[in-house]
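A.B. asks: One structure, as structure tokens, below. Some questions next.
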Amino acid sequence: MNHNKTQACAVIALAAAFGATSVSAQELTIGLSSEPTAVDPHYHDLTPNNQLGMHIYSMLATPDANLIAQPELATSWEAEDDNTWVFKLRDDVTFSDGTPFDASDVVFTFCRVMNNESAIGSTGSSVVSNFESVETPDLYTLRIKTKEVEPIMPEMLAGVPILSDSIVEHDEISFDLQNDCGVTGTWPSIDDFNVGNAAIGTGPFKLEKFSKGAEISLSRNESYFGPKPDWETVTFVPVPSDGPRLAGLLSGDYDVIESPAARDLAQIKGNDAFDYVSTPSNRVIFLQLDTGRADSPFVTAEDGSNPFQDLRVRQAMSMAIDREAIVERIMDGLASPANQFIPDEMFGAIPQPAALEYNPQKAKELLAEAGYPDGFKVTFHATNDRYINDSQIAQAVAQFLTRVGIETELDAMTRSMFFSRRSGREFSFSMGGWGSSEGGAASFLRQYAVTTDDARGVGGSNYGGWSDPEFDAVVLEAISTVDDAKRSELLQQAEQMAVDKLGFIPLHFESTVWAFREGLSYDGRADQFTLAYQIKRDAE
């Protein structure tokens, strides 16, 4: 018997019977479905990390609920020419330690993301690596010259949280990477942020405590330049299991929870003390294949080859998977099948894409045609605590593939282990998730699908080594095209090429659910962020 599950069910029943207890009007406790791995905003581009960062730090521009870049630390911006952007900065902002914000802090931040040896992937550096120069004509003006044309610079900088240059010893700060930009002390480490020494921001909250596996405590930043949050203190508690997370909401331990299981929503619908909101997201769940190595570590074929390098095998794998069944049976309808890598309404999406076919018989025929009539063996690596129902999805994918002859062994692990191993290219076949934001289709394509090129800041997450020169040419032209209509046309072409070539196999788009106690409201966001300062108390 699963005693934990039984206990959780008992708590749920008891809470439903007696109702939730109220909490202080100034305190908010949120049950997280996935825990941030660090307070360092430039460590790893993960949703839990980014949403925590948005509480503590600010950016030049910030994405709204529909992922449109809005002014934040910058009041305005304009492109002087194809390679020059000018940002005007706010002059009324102070950091949480009382030091004033100005252009020097932005330049320091750009330098730090290029001097962050512990970063996973290209967090922050993908945009800064394209900078030819950064000038500060005055304290509140920033002029950025790029090596390559970057038509969506504000959107790109909406992913770079700004740090205070007071966290290091330095002389005059300048964008001089060869000479450490004027920094004379030690660049801050992850530990410096996690213990709070370097976690100095201009966001709506200040870090009080980061206790991994236990809780994250924030207090309101009374000097915040934006609207004052409703909450004096916010506590985030990681609760990866659905049952205990819902039980905590119903018993009053949590005011808001992320991602309650769809099957449990009936208990919330039937209780006037609680409510929930469901919002379609931009996150695609997909499969990443090692196509770059002839000798791949976790795939075994009789002839010693890497089957993933054959398009017919990749097509067979896609046809073996019943996306509708995953959506209906595992996601309880709170998802939609993915026939491309971004939602249909995003910039650069294929209009009305053809549905990816589910045809296990044809999948077997393609495997035989490719020279694998008896299939092959592979280990499928996935997370069990990062995406909605990720463990169950991974099990289903393994079963679908095994049925057509691809003997698939599942190795599901915690996200902390998975992401570090994936970044080291230890896997042959893995599950991933990506929420596209800046640039629409360009977000996924330039980060995951383009051949890795650190100098150009592209392909930072291309862990499978996918490389297609024809495809690269279209994407690189798209991301350097200023004309929106032409760029959209090129991105649609590249998106179709990505779907046809299947270096990555899309599965579905998540919908995100938040549940909360009576008296609160939250509109939800396409990027799946849970932002405490956007959670409101109902007017009394």
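So you can find residues: chains in the structure tokens are A, B, ... in the order shown, residues in each start at 1, and ligands are numbered from 1 in order.
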Identify all residues of segment 76-125 of chain A in alpha helix (DSSP H) (DSSP on the backbone) and supply them as number ranges by chain.
C.D. replies: A: 103-113, 125
A.B. asks: Neighbouring residues of Leu67 of chain A were defined as those with any atom within 9 Å, considering only C-alpha atoms; residues of the same chain fewer than 2 positions away were excluded. Please report them as a VMD selection string.
C.D. replies: chain A and resid 62 to 65 69 to 70 155 437 to 438 525 to 527
A.B. asks: Keeping only N, CA and C atoms, take the residues you just selected and write them out as a CSV table (one decimal), in the first residue's frame.
C.D. replies:
chain,number,residue,atom,x,y,z
A,62,THR,N,10.3,43.8,-19.4
A,62,THR,CA,9.8,42.7,-18.8
A,62,THR,C,8.6,42.1,-19.6
A,63,PRO,N,8.4,40.8,-19.7
A,63,PRO,CA,7.3,40.3,-20.5
A,63,PRO,C,6.0,40.4,-19.7
A,64,ASP,N,4.9,40.8,-20.3
A,64,ASP,CA,3.7,40.8,-19.6
A,64,ASP,C,3.1,39.4,-19.7
A,65,ALA,N,1.8,39.3,-19.2
A,65,ALA,CA,1.2,37.9,-19.2
A,65,ALA,C,1.1,37.3,-20.5
A,69,ALA,N,7.0,42.5,-24.5
A,69,ALA,CA,8.0,43.2,-23.7
A,69,ALA,C,7.4,44.6,-23.4
A,70,GLN,N,7.5,44.9,-22.1
A,70,GLN,CA,7.0,46.2,-21.6
A,70,GLN,C,8.2,46.9,-20.9
A,155,GLU,N,13.2,42.4,-26.5
A,155,GLU,CA,12.6,41.1,-26.1
A,155,GLU,C,13.8,40.2,-25.5
A,437,SER,N,9.4,32.5,-25.9
A,437,SER,CA,9.0,33.9,-25.5
A,437,SER,C,9.5,34.9,-26.6
A,438,GLU,N,10.7,35.4,-26.4
A,438,GLU,CA,11.2,36.4,-27.3
A,438,GLU,C,11.3,35.9,-28.7
A,525,ARG,N,-0.5,33.1,-16.5
A,525,ARG,CA,0.4,33.6,-17.5
A,525,ARG,C,0.8,32.6,-18.5
A,526,ALA,N,1.0,33.0,-19.8
A,526,ALA,CA,1.4,32.0,-20.8
A,526,ALA,C,2.8,31.4,-20.5
A,527,ASP,N,3.6,32.1,-19.8
A,527,ASP,CA,5.0,31.6,-19.5
A,527,ASP,C,5.0,30.7,-18.3
A.B. asks: Tell me, as an NGL selection string, which residues lie within 9 Å of segment 92-98 of chain A, counting only C-alpha atoms; anything in the same chain fewer than 5 positions away does not count.
C.D. replies: :A and (56-57 or 73 or 163-164 or 200-203 or 205-206 or 221-225)
A.B. asks: For Ala158 of chain A, which residue among A:Ala199, A:Pro71, A:Arg90, A:Ile120 is the nearest when counting only C-alpha atoms?
C.D. replies: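 Checking each of A:Ala199, A:Pro71, A:Arg90, A:Ile120 against Ala158 of chain A, counting only C-alpha atoms, the winner is A:Pro71.
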A.B. asks: Segment 347-361 of chain A: which residues within 7 Å, counting only C-alpha atoms, same-chain residues fewer than 3 positions away excluded, as a PyMOL selection string?
C.D. replies: chain A and resi 319-322+339+342-344+364-365+404+439-441+488-489+491-492+495-496
A.B. asks: Could you check the closest approach to Asn83 of chain A for each of A:Gln395, A:Thr383, A:Ser480, A:Ser34 and tell me which residue wins, using only C-alpha atoms?
C.D. replies: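 Answer, going by the shortest atom-to-atom distance: A:Ser480.
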A.B. asks: Compile the contact shell of Ser126 of chain A as a PyMOL selection string: residues with an atom at most 10 Å away, counting only C-alpha atoms, same-chain residues fewer than 5 positions apart removed.
C.D. replies: chain A and resi 113-114+121+131+156+446-447+453-460
A.B. asks: Return as a VMD selection string the full set of residues in segment 138-260 of chain A whose backbone-based DSSP assignment is strand (DSSP E).
C.D. replies: chain A and resid 138 141 to 146 205 to 211 215 to 220 233 to 238 256 to 258
A.B. asks: Please produce an output containing N, CA, C and O atoms for each residue in the selection, written as a compact mmCIF listing (two decimals), in the first residue's frame.
C.D. replies:
# COMPACT_ATOMS: atom_id res chain seq x y z
N ASP A 138 25.62 58.84 -20.64
CA ASP A 138 25.35 59.45 -19.33
C ASP A 138 24.85 58.34 -18.42
O ASP A 138 24.74 57.18 -18.81
N THR A 141 21.62 56.46 -19.91
CA THR A 141 21.51 56.13 -21.33
C THR A 141 22.47 54.98 -21.65
O THR A 141 23.60 54.97 -21.17
N LEU A 142 21.99 54.05 -22.45
CA LEU A 142 22.77 52.87 -22.83
C LEU A 142 22.74 52.76 -24.35
O LEU A 142 21.66 52.76 -24.95
N ARG A 143 23.89 52.69 -24.96
CA ARG A 143 23.96 52.50 -26.42
C ARG A 143 24.67 51.18 -26.71
O ARG A 143 25.84 51.02 -26.38
N ILE A 144 23.95 50.25 -27.32
CA ILE A 144 24.48 48.91 -27.61
C ILE A 144 24.68 48.76 -29.12
O ILE A 144 23.73 48.95 -29.88
N LYS A 145 25.91 48.43 -29.52
CA LYS A 145 26.20 48.11 -30.91
C LYS A 145 26.41 46.61 -31.01
O LYS A 145 27.16 46.02 -30.22
N THR A 146 25.75 45.98 -31.98
CA THR A 146 25.82 44.54 -32.11
C THR A 146 26.70 44.13 -33.29
O THR A 146 26.88 44.87 -34.25
N PHE A 205 10.50 42.31 -4.23
CA PHE A 205 10.78 41.62 -2.98
C PHE A 205 12.29 41.48 -2.77
O PHE A 205 13.08 41.61 -3.70
N LYS A 206 12.64 41.21 -1.51
CA LYS A 206 14.02 40.94 -1.14
C LYS A 206 14.13 39.51 -0.62
O LYS A 206 13.20 38.99 -0.01
N LEU A 207 15.27 38.88 -0.87
CA LEU A 207 15.49 37.53 -0.38
C LEU A 207 15.79 37.55 1.11
O LEU A 207 16.64 38.31 1.57
N GLU A 208 15.07 36.71 1.87
CA GLU A 208 15.35 36.53 3.29
C GLU A 208 16.06 35.21 3.54
O GLU A 208 17.02 35.15 4.31
N LYS A 209 15.59 34.15 2.88
CA LYS A 209 16.21 32.83 3.10
C LYS A 209 15.95 31.93 1.90
O LYS A 209 14.85 31.89 1.36
N PHE A 210 17.01 31.23 1.47
CA PHE A 210 16.88 30.21 0.44
C PHE A 210 17.35 28.91 1.05
O PHE A 210 18.54 28.69 1.25
N SER A 211 16.41 28.05 1.39
CA SER A 211 16.71 26.77 2.01
C SER A 211 16.27 25.66 1.06
O SER A 211 15.09 25.36 0.94
N GLU A 215 12.22 25.77 1.96
CA GLU A 215 11.40 26.94 1.65
C GLU A 215 12.28 28.09 1.18
O GLU A 215 13.50 28.11 1.40
N ILE A 216 11.63 29.04 0.53
CA ILE A 216 12.27 30.29 0.13
C ILE A 216 11.43 31.41 0.72
O ILE A 216 10.21 31.46 0.52
N SER A 217 12.07 32.31 1.46
CA SER A 217 11.34 33.39 2.12
C SER A 217 11.74 34.73 1.52
O SER A 217 12.93 35.01 1.34
N LEU A 218 10.73 35.54 1.21
CA LEU A 218 10.94 36.88 0.67
C LEU A 218 10.22 37.90 1.55
O LEU A 218 9.21 37.58 2.18
N SER A 219 10.74 39.11 1.57
CA SER A 219 10.04 40.21 2.22
C SER A 219 9.86 41.34 1.22
O SER A 219 10.63 41.49 0.27
N ARG A 220 8.84 42.14 1.42
CA ARG A 220 8.53 43.21 0.48
C ARG A 220 9.66 44.24 0.44
O ARG A 220 10.18 44.65 1.47
N THR A 233 5.20 39.53 3.26
CA THR A 233 6.10 38.38 3.18
C THR A 233 5.51 37.33 2.25
O THR A 233 4.29 37.16 2.17
N VAL A 234 6.40 36.64 1.54
CA VAL A 234 6.00 35.55 0.66
C VAL A 234 6.90 34.35 0.97
O VAL A 234 8.12 34.50 1.08
N THR A 235 6.29 33.20 1.10
CA THR A 235 7.04 31.97 1.33
C THR A 235 6.70 30.97 0.22
O THR A 235 5.53 30.67 -0.02
N PHE A 236 7.73 30.49 -0.46
CA PHE A 236 7.58 29.44 -1.46
C PHE A 236 8.01 28.12 -0.84
O PHE A 236 9.10 28.01 -0.27
N VAL A 237 7.15 27.11 -0.95
CA VAL A 237 7.45 25.79 -0.41
C VAL A 237 7.41 24.77 -1.55
O VAL A 237 6.38 24.62 -2.20
N PRO A 238 8.53 24.09 -1.84
CA PRO A 238 8.51 23.08 -2.90
C PRO A 238 7.76 21.83 -2.46
O PRO A 238 8.08 21.23 -1.43
N VAL A 256 -1.86 29.44 -2.23
CA VAL A 256 -1.88 29.21 -3.68
C VAL A 256 -1.03 27.99 -3.96
O VAL A 256 0.00 27.78 -3.30
N ILE A 257 -1.44 27.17 -4.92
CA ILE A 257 -0.58 26.06 -5.36
C ILE A 257 -0.52 26.05 -6.88
O ILE A 257 -1.44 26.48 -7.57
N GLU A 258 0.60 25.55 -7.36
CA GLU A 258 0.78 25.37 -8.80
C GLU A 258 0.31 23.97 -9.21
O GLU A 258 0.44 23.01 -8.46
A.B. asks: Please provide the set of residues having any atom within 8 Å of Ala294 of chain A, restricted to only C-alpha atoms, with same-chain residues fewer than 4 positions apart removed, written as number ranges by chain.
C.D. replies: A: 305-306, 309
A.B. asks: Report, in Å with one decimal, the straight-line distance from atom CA of Gly424 of chain A to atom CA of Tyr463 of chain A.
C.D. replies: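 The value is 7.9 Å.
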A.B. asks: Could you give me, as CSV, every segment 288-351 of chain A residue with an atom at most 8 Å from segment 499-507 of chain A, plus its closest atom pair and distance in Å to one decimal, counting only C-alpha atoms, rows ordered by chain then number?
C.D. replies:
residue,atom,partner,partner_atom,distance
A:Gln288,CA,A:Phe504,CA,5.0
A:Leu289,CA,A:Phe504,CA,6.4
A:Thr291,CA,A:Gly503,CA,7.1
A:Leu311,CA,A:Lys501,CA,6.7
A:Arg314,CA,A:Leu502,CA,6.2
A:Gln315,CA,A:Leu502,CA,7.0
A:Ser318,CA,A:Ile505,CA,6.4
A:Arg323,CA,A:Leu507,CA,6.2
A:Pro337,CA,A:Leu507,CA,6.2
A:Ala338,CA,A:Leu507,CA,5.2
A:Asn339,CA,A:Pro506,CA,6.6
A:Gln340,CA,A:Val499,CA,6.2
A:Phe341,CA,A:Pro506,CA,6.2
A.B. asks: Hey, what's within 9 Å of Ile330 of chain A if we count only C-alpha atoms and toss same-chain stuff fewer than 3 positions away? As a list of chain:residue names, please?
C.D. replies: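 With the cut-off at 9 Å, the set is A:Ala325, A:Ile326, A:Val327, A:Gly333, A:Asn389, A:Gln392, A:Ile393, A:Ala396.
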